[in-house]
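Asker: Contents are mmCIF, N, CA and C atoms and all ligand atoms; file name coords.cif:
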data_protein
loop_
_atom_site.label_atom_id
_atom_site.label_comp_id
_atom_site.auth_asym_id
_atom_site.auth_seq_id
_atom_site.Cartn_x
_atom_site.Cartn_y
_atom_site.Cartn_z
N ALA A 12 0.84 -1.20 0.00
CA ALA A 12 0.00 0.00 0.00
C ALA A 12 0.87 1.25 0.00
N TYR A 13 0.28 2.36 -0.43
CA TYR A 13 0.97 3.64 -0.35
C TYR A 13 0.70 4.25 1.02
N VAL A 14 1.61 5.16 1.43
CA VAL A 14 1.59 5.70 2.78
C VAL A 14 1.77 7.22 2.72
N ILE A 15 1.01 7.96 3.54
CA ILE A 15 1.20 9.41 3.63
C ILE A 15 2.04 9.71 4.86
N THR A 16 3.09 10.50 4.64
CA THR A 16 4.09 10.75 5.70
C THR A 16 4.07 12.20 6.18
N GLN A 17 5.03 12.54 7.00
CA GLN A 17 5.08 13.81 7.71
C GLN A 17 4.85 15.09 6.90
N PRO A 18 5.35 15.20 5.65
CA PRO A 18 5.16 16.48 4.94
C PRO A 18 3.70 16.88 4.72
N CYS A 19 2.79 15.93 4.83
CA CYS A 19 1.36 16.26 4.69
C CYS A 19 0.90 17.17 5.82
N ILE A 20 1.50 17.00 6.99
CA ILE A 20 1.11 17.79 8.16
C ILE A 20 1.37 19.27 7.87
N GLY A 21 0.32 20.09 8.03
CA GLY A 21 0.47 21.52 7.78
C GLY A 21 0.24 21.89 6.33
N THR A 22 0.06 20.91 5.46
CA THR A 22 -0.19 21.18 4.04
C THR A 22 -1.57 20.70 3.64
N LYS A 23 -1.81 19.38 3.79
CA LYS A 23 -3.12 18.81 3.50
C LYS A 23 -3.69 19.33 2.18
N ASP A 24 -2.89 19.23 1.16
CA ASP A 24 -3.26 19.75 -0.16
C ASP A 24 -4.50 19.06 -0.73
N ALA A 25 -4.64 17.78 -0.44
CA ALA A 25 -5.80 16.97 -0.85
C ALA A 25 -5.88 16.66 -2.35
N SER A 26 -4.87 17.01 -3.12
CA SER A 26 -4.85 16.60 -4.52
C SER A 26 -4.88 15.07 -4.63
N CYS A 27 -4.31 14.42 -3.64
CA CYS A 27 -4.28 12.95 -3.64
C CYS A 27 -5.70 12.37 -3.62
N VAL A 28 -6.57 13.00 -2.86
CA VAL A 28 -7.96 12.53 -2.75
C VAL A 28 -8.64 12.58 -4.12
N ASP A 29 -8.37 13.66 -4.86
CA ASP A 29 -9.01 13.85 -6.17
C ASP A 29 -8.61 12.78 -7.18
N VAL A 30 -7.40 12.26 -7.07
CA VAL A 30 -6.93 11.31 -8.08
C VAL A 30 -7.11 9.84 -7.67
N CYS A 31 -7.40 9.59 -6.41
CA CYS A 31 -7.51 8.19 -5.96
C CYS A 31 -8.77 7.54 -6.51
N PRO A 32 -8.63 6.45 -7.27
CA PRO A 32 -9.79 5.83 -7.91
C PRO A 32 -10.68 5.04 -6.96
N VAL A 33 -10.17 4.74 -5.76
CA VAL A 33 -10.97 3.94 -4.83
C VAL A 33 -11.35 4.70 -3.55
N ASP A 34 -11.09 6.01 -3.54
CA ASP A 34 -11.49 6.85 -2.40
C ASP A 34 -11.03 6.29 -1.05
N CYS A 35 -9.77 5.90 -1.00
CA CYS A 35 -9.27 5.31 0.25
C CYS A 35 -8.40 6.27 1.06
N ILE A 36 -8.43 7.58 0.70
CA ILE A 36 -7.61 8.57 1.40
C ILE A 36 -8.53 9.48 2.22
N HIS A 37 -8.28 9.55 3.53
CA HIS A 37 -9.19 10.26 4.41
C HIS A 37 -8.45 11.15 5.41
N PRO A 38 -9.04 12.32 5.75
CA PRO A 38 -8.40 13.19 6.74
C PRO A 38 -8.59 12.66 8.16
N GLY A 39 -7.66 13.01 9.02
CA GLY A 39 -7.78 12.60 10.41
C GLY A 39 -6.92 13.47 11.30
N PRO A 40 -7.05 13.28 12.61
CA PRO A 40 -6.27 14.06 13.57
C PRO A 40 -4.81 13.65 13.54
N GLY A 41 -3.97 14.45 14.13
CA GLY A 41 -2.56 14.08 14.25
C GLY A 41 -2.43 12.78 15.02
N GLU A 42 -1.41 12.01 14.67
CA GLU A 42 -1.26 10.71 15.34
C GLU A 42 -0.95 10.90 16.82
N ASP A 43 -0.50 12.11 17.19
CA ASP A 43 -0.23 12.40 18.59
C ASP A 43 -1.43 13.08 19.27
N GLY A 44 -2.55 13.18 18.51
CA GLY A 44 -3.76 13.76 19.08
C GLY A 44 -3.88 15.26 18.92
N TYR A 45 -2.84 15.91 18.44
CA TYR A 45 -2.89 17.37 18.29
C TYR A 45 -3.52 17.76 16.96
N ASP A 46 -4.54 18.64 17.03
CA ASP A 46 -5.23 19.07 15.82
C ASP A 46 -4.28 19.75 14.83
N GLU A 47 -3.28 20.44 15.34
CA GLU A 47 -2.35 21.13 14.43
C GLU A 47 -1.47 20.14 13.69
N HIS A 48 -1.54 18.87 14.05
CA HIS A 48 -0.79 17.83 13.34
C HIS A 48 -1.70 16.97 12.46
N GLU A 49 -2.88 17.51 12.14
CA GLU A 49 -3.80 16.79 11.25
C GLU A 49 -3.12 16.47 9.92
N GLN A 50 -3.50 15.36 9.33
CA GLN A 50 -2.98 14.99 8.02
C GLN A 50 -4.01 14.07 7.36
N LEU A 51 -3.70 13.60 6.15
CA LEU A 51 -4.55 12.61 5.52
C LEU A 51 -3.87 11.25 5.60
N TYR A 52 -4.70 10.20 5.56
CA TYR A 52 -4.21 8.84 5.73
C TYR A 52 -4.74 7.95 4.61
N ILE A 53 -3.94 6.96 4.23
CA ILE A 53 -4.34 5.99 3.21
C ILE A 53 -4.70 4.67 3.89
N ASN A 54 -5.89 4.17 3.59
CA ASN A 54 -6.33 2.88 4.15
C ASN A 54 -5.61 1.75 3.41
N PRO A 55 -4.70 1.05 4.10
CA PRO A 55 -3.90 0.02 3.42
C PRO A 55 -4.73 -1.17 2.94
N ASP A 56 -5.91 -1.36 3.51
CA ASP A 56 -6.75 -2.48 3.10
C ASP A 56 -7.53 -2.17 1.82
N GLU A 57 -7.62 -0.87 1.47
CA GLU A 57 -8.38 -0.48 0.29
C GLU A 57 -7.51 0.02 -0.86
N CYS A 58 -6.29 0.46 -0.55
CA CYS A 58 -5.37 0.97 -1.58
C CYS A 58 -5.05 -0.15 -2.57
N ILE A 59 -5.18 0.16 -3.87
CA ILE A 59 -4.91 -0.84 -4.91
C ILE A 59 -3.54 -0.64 -5.56
N ASP A 60 -2.70 0.20 -4.92
CA ASP A 60 -1.32 0.40 -5.38
C ASP A 60 -1.23 0.93 -6.81
N CYS A 61 -2.18 1.78 -7.17
CA CYS A 61 -2.16 2.32 -8.54
C CYS A 61 -1.07 3.37 -8.73
N GLY A 62 -0.67 4.02 -7.63
CA GLY A 62 0.39 5.01 -7.70
C GLY A 62 -0.02 6.40 -8.16
N ALA A 63 -1.30 6.61 -8.41
CA ALA A 63 -1.76 7.91 -8.93
C ALA A 63 -1.54 9.06 -7.94
N CYS A 64 -1.62 8.76 -6.67
CA CYS A 64 -1.53 9.83 -5.66
C CYS A 64 -0.11 10.36 -5.50
N GLU A 65 0.87 9.52 -5.70
CA GLU A 65 2.26 9.90 -5.39
C GLU A 65 2.70 11.17 -6.12
N PRO A 66 2.56 11.24 -7.45
CA PRO A 66 3.01 12.46 -8.14
C PRO A 66 2.05 13.63 -7.95
N ALA A 67 0.85 13.38 -7.45
CA ALA A 67 -0.13 14.46 -7.27
C ALA A 67 0.18 15.32 -6.05
N CYS A 68 0.95 14.78 -5.12
CA CYS A 68 1.23 15.52 -3.88
C CYS A 68 2.33 16.56 -4.09
N PRO A 69 2.03 17.85 -3.82
CA PRO A 69 3.01 18.92 -4.07
C PRO A 69 4.18 18.93 -3.08
N VAL A 70 4.03 18.22 -1.98
CA VAL A 70 5.11 18.23 -0.99
C VAL A 70 5.78 16.85 -0.82
N THR A 71 5.53 15.96 -1.78
CA THR A 71 6.15 14.63 -1.78
C THR A 71 5.99 13.93 -0.43
N ALA A 72 4.74 13.84 0.00
CA ALA A 72 4.45 13.17 1.28
C ALA A 72 4.11 11.70 1.09
N ILE A 73 3.85 11.29 -0.18
CA ILE A 73 3.33 9.94 -0.41
C ILE A 73 4.40 9.04 -1.02
N PHE A 74 4.51 7.84 -0.44
CA PHE A 74 5.49 6.86 -0.90
C PHE A 74 4.87 5.47 -0.89
N GLU A 75 5.35 4.61 -1.80
CA GLU A 75 4.99 3.21 -1.70
C GLU A 75 5.64 2.70 -0.40
N GLU A 76 4.94 1.80 0.25
CA GLU A 76 5.36 1.34 1.57
C GLU A 76 6.85 0.98 1.65
N SER A 77 7.34 0.28 0.66
CA SER A 77 8.74 -0.17 0.69
C SER A 77 9.72 0.96 0.41
N ALA A 78 9.20 2.12 -0.03
CA ALA A 78 10.08 3.23 -0.41
C ALA A 78 10.00 4.41 0.55
N VAL A 79 9.31 4.23 1.67
CA VAL A 79 9.22 5.32 2.65
C VAL A 79 10.62 5.61 3.21
N PRO A 80 11.05 6.88 3.18
CA PRO A 80 12.38 7.20 3.71
C PRO A 80 12.50 6.81 5.19
N GLY A 81 13.69 6.47 5.59
CA GLY A 81 13.94 5.96 6.93
C GLY A 81 13.34 6.74 8.06
N GLU A 82 13.47 8.08 7.99
CA GLU A 82 13.01 8.87 9.14
C GLU A 82 11.48 8.92 9.26
N TRP A 83 10.80 8.45 8.21
CA TRP A 83 9.33 8.50 8.23
C TRP A 83 8.70 7.10 8.26
N LYS A 84 9.51 6.08 8.50
CA LYS A 84 9.00 4.71 8.46
C LYS A 84 7.84 4.47 9.43
N GLN A 85 7.83 5.22 10.54
CA GLN A 85 6.75 5.00 11.52
C GLN A 85 5.39 5.33 10.94
N TRP A 86 5.35 6.12 9.85
CA TRP A 86 4.05 6.47 9.25
C TRP A 86 3.37 5.27 8.58
N ILE A 87 4.09 4.22 8.29
CA ILE A 87 3.45 3.01 7.75
C ILE A 87 2.45 2.49 8.78
N LYS A 88 2.89 2.41 10.02
CA LYS A 88 2.01 1.95 11.11
C LYS A 88 0.96 3.01 11.45
N ILE A 89 1.34 4.27 11.40
CA ILE A 89 0.41 5.35 11.74
C ILE A 89 -0.78 5.34 10.78
N ASN A 90 -0.53 5.16 9.47
CA ASN A 90 -1.63 5.09 8.50
C ASN A 90 -2.51 3.88 8.80
N ALA A 91 -1.90 2.72 9.02
CA ALA A 91 -2.68 1.50 9.25
C ALA A 91 -3.49 1.61 10.54
N ASP A 92 -2.87 2.14 11.59
CA ASP A 92 -3.55 2.23 12.88
C ASP A 92 -4.77 3.15 12.82
N PHE A 93 -4.68 4.20 12.00
CA PHE A 93 -5.80 5.15 11.92
C PHE A 93 -7.09 4.43 11.53
N PHE A 94 -6.98 3.46 10.63
CA PHE A 94 -8.18 2.77 10.14
C PHE A 94 -8.59 1.60 11.03
N GLN A 95 -7.78 1.30 12.01
CA GLN A 95 -8.15 0.27 12.98
C GLN A 95 -8.63 0.89 14.28
N GLY A 96 -8.72 2.22 14.29
CA GLY A 96 -9.16 2.91 15.49
C GLY A 96 -8.18 2.79 16.63
N ALA A 97 -6.94 2.49 16.29
CA ALA A 97 -5.93 2.30 17.34
C ALA A 97 -5.41 3.65 17.83
FE1 LIG A 101 -5.40 5.61 -3.94
FE2 LIG A 101 -3.84 4.61 -5.85
FE3 LIG A 101 -2.81 6.21 -4.00
FE4 LIG A 101 -3.57 3.77 -3.32
S1 LIG A 101 -1.90 4.28 -4.73
S2 LIG A 101 -4.01 5.63 -2.17
S3 LIG A 101 -5.35 3.48 -4.66
S4 LIG A 101 -4.32 6.78 -5.54
FE1 LIG A 102 -1.30 15.55 2.07
FE2 LIG A 102 -0.06 15.61 -0.24
FE3 LIG A 102 -2.44 14.54 -0.08
S1 LIG A 102 -0.09 17.21 1.29
S2 LIG A 102 -3.43 15.69 1.51
S3 LIG A 102 -0.61 13.81 0.93
S4 LIG A 102 -1.68 15.76 -1.77
#
Could you take the file, read its structure, and then write that structure out as structure tokens?
Answerer:
Amino acid sequence: AYVITQPCIGTKDASCVDVCPVDCIHPGPGEDGYDEHEQLYINPDECIDCGACEPACPVTAIFEESAVPGEWKQWIKINADFFQGA
């Protein structure tokens, strides 16, 4: 699945939502509970790995799971947890 990482915070451009063919990208609160850290999240159970969202993001926040840069690897779990209500 594709994953939305830290650069989305404070930007929330939402171009990714417009291009996603399965509507699996949703806004949510910051993973730390702070509203100022709100971002969008990709549901890994619904993402079909089409890759359309990645180039649509103006701040390069979206990566295929295996390509998430090291410092943002925790966002793989953060995206998944959001949809499990964790
Ligand atoms: Fe949606 Fe495709 Fe991006 Fe997955 S890779 S979140 S299906 S646009
Ligand atoms: Fe965030 Fe980029 Fe989408 S800033 S809302 S991941 S287009």
Asker: Could you check the closest approach to ligand LIG 102 (chain A) for each of A:Ala91, A:Pro40, A:Thr71, A:Cys58 and tell me which residue wins, using all atoms listed in the file?
Answerer: A:Thr71
Asker: Could you please determine the separation between atom N of A:Val30 and atom CA of A:Gly81 in Å, to one decimal place?
Answerer: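 It comes out at 26.3 Å.
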Asker: Could you list, as a ChimeraX atom specification, all protein and nucleic acid residues with an atom at most 5 Å from ligand LIG 102 (chain A), counting all atoms listed in the file?
Answerer: /A:19,22-27,67-69
Asker: Running DSSP on the backbone, which parts of chain A land in helix (DSSP H, G or I), as a ChimeraX atom specification?
Answerer: /A:17-19,26-30,46-48,64-67,76-78,81-83,85-94
Asker: Could you check the closest approach to ligand LIG 101 (chain A) for each of A:Asp60, A:Gln17, A:Pro38, A:Asp29 and tell me which residue wins, using all atoms listed in the file?
Answerer: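 Closest to ligand LIG 101 (chain A) of all the choices is A:Asp60.
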Asker: Which of these, A:Val28, A:Gly21, A:Glu82, A:Ile73, has the shortest distance to A:Gln50 once you count all atoms listed in the file?
Answerer: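 Closest to A:Gln50 of all the choices is A:Gly21.
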Asker: Nearest to ligand LIG 101 (chain A): which of A:Glu76, A:Asp34, A:Glu42, A:Glu47 is it, counting only N, CA and C atoms and all ligand atoms?
Answerer: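 Closest to ligand LIG 101 (chain A) of all the choices is A:Asp34.
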Asker: Fewer than 2 positions away in the same chain doesn't count, so skip those; otherwise give me all residues within 6 Å of A:Gly39, counting all atoms listed in the file, as a list in words.
Answerer: His37, Gly41, Glu49, Gln50, Leu51 and Tyr52 of chain A
Asker: So that I have them on file, write out the residues from the current selection with N, CA and C atoms, as a compact mmCIF listing (two decimals), in the frame of the given file.
Answerer:
# COMPACT_ATOMS: atom_id res chain seq x y z
N HIS A 37 -8.28 9.55 3.53
CA HIS A 37 -9.19 10.26 4.41
C HIS A 37 -8.45 11.15 5.41
N GLY A 41 -3.97 14.45 14.13
CA GLY A 41 -2.56 14.08 14.25
C GLY A 41 -2.43 12.78 15.02
N GLU A 49 -2.88 17.51 12.14
CA GLU A 49 -3.80 16.79 11.25
C GLU A 49 -3.12 16.47 9.92
N GLN A 50 -3.50 15.36 9.33
CA GLN A 50 -2.98 14.99 8.02
C GLN A 50 -4.01 14.07 7.36
N LEU A 51 -3.70 13.60 6.15
CA LEU A 51 -4.55 12.61 5.52
C LEU A 51 -3.87 11.25 5.60
N TYR A 52 -4.70 10.20 5.56
CA TYR A 52 -4.21 8.84 5.73
C TYR A 52 -4.74 7.95 4.61
Asker: Quick one: DSSP strand (DSSP E or B) residues in chain A, as a list of chain:residue names?
Answerer: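 So the strand (DSSP E or B) residues in chain A would be A:Tyr13, A:Val14, A:Ile15, A:Ile36, A:His37, A:Pro38, A:Gly39, A:Gln50, A:Leu51, A:Tyr52, A:Ile53, A:Ile73, A:Phe74, A:Glu75.
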Asker: Filtering to N, CA and C atoms, could you give me those residues as a JSON list (two decimals), keeping the file's coordinate frame?
Answerer:
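Writing done, so here's selection-v1.json:
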[["chain", "number", "residue", "atom", "x", "y", "z"],
["A", 13, "TYR", "N", 0.28, 2.36, -0.43],
["A", 13, "TYR", "CA", 0.97, 3.64, -0.35],
["A", 13, "TYR", "C", 0.70, 4.25, 1.02],
["A", 14, "VAL", "N", 1.61, 5.16, 1.43],
["A", 14, "VAL", "CA", 1.59, 5.70, 2.78],
["A", 14, "VAL", "C", 1.77, 7.22, 2.72],
["A", 15, "ILE", "N", 1.01, 7.96, 3.54],
["A", 15, "ILE", "CA", 1.20, 9.41, 3.63],
["A", 15, "ILE", "C", 2.04, 9.71, 4.86],
["A", 36, "ILE", "N", -8.43, 7.58, 0.70],
["A", 36, "ILE", "CA", -7.61, 8.57, 1.40],
["A", 36, "ILE", "C", -8.53, 9.48, 2.22],
["A", 37, "HIS", "N", -8.28, 9.55, 3.53],
["A", 37, "HIS", "CA", -9.19, 10.26, 4.41],
["A", 37, "HIS", "C", -8.45, 11.15, 5.41],
["A", 38, "PRO", "N", -9.04, 12.32, 5.75],
["A", 38, "PRO", "CA", -8.40, 13.19, 6.74],
["A", 38, "PRO", "C", -8.59, 12.66, 8.16],
["A", 39, "GLY", "N", -7.66, 13.01, 9.02],
["A", 39, "GLY", "CA", -7.78, 12.60, 10.41],
["A", 39, "GLY", "C", -6.92, 13.47, 11.30],
["A", 50, "GLN", "N", -3.50, 15.36, 9.33],
["A", 50, "GLN", "CA", -2.98, 14.99, 8.02],
["A", 50, "GLN", "C", -4.01, 14.07, 7.36],
["A", 51, "LEU", "N", -3.70, 13.60, 6.15],
["A", 51, "LEU", "CA", -4.55, 12.61, 5.52],
["A", 51, "LEU", "C", -3.87, 11.25, 5.60],
["A", 52, "TYR", "N", -4.70, 10.20, 5.56],
["A", 52, "TYR", "CA", -4.21, 8.84, 5.73],
["A", 52, "TYR", "C", -4.74, 7.95, 4.61],
["A", 53, "ILE", "N", -3.94, 6.96, 4.23],
["A", 53, "ILE", "CA", -4.34, 5.99, 3.21],
["A", 53, "ILE", "C", -4.70, 4.67, 3.89],
["A", 73, "ILE", "N", 3.85, 11.29, -0.18],
["A", 73, "ILE", "CA", 3.33, 9.94, -0.41],
["A", 73, "ILE", "C", 4.40, 9.04, -1.02],
["A", 74, "PHE", "N", 4.51, 7.84, -0.44],
["A", 74, "PHE", "CA", 5.49, 6.86, -0.90],
["A", 74, "PHE", "C", 4.87, 5.47, -0.89],
["A", 75, "GLU", "N", 5.35, 4.61, -1.80],
["A", 75, "GLU", "CA", 4.99, 3.21, -1.70],
["A", 75, "GLU", "C", 5.64, 2.70, -0.40]]
Asker: Please identify the residues whose atoms come within 6 Å of ligand LIG 101 (chain A), using all atoms listed in the file, and report them as a list in words.
Answerer: Tyr13, Val30, Cys31, Pro32, Val33, Asp34, Cys35, Ile36, Ile53, Glu57, Cys58, Ile59, Asp60, Cys61, Gly62, Ala63, Cys64 and Glu65 of chain A
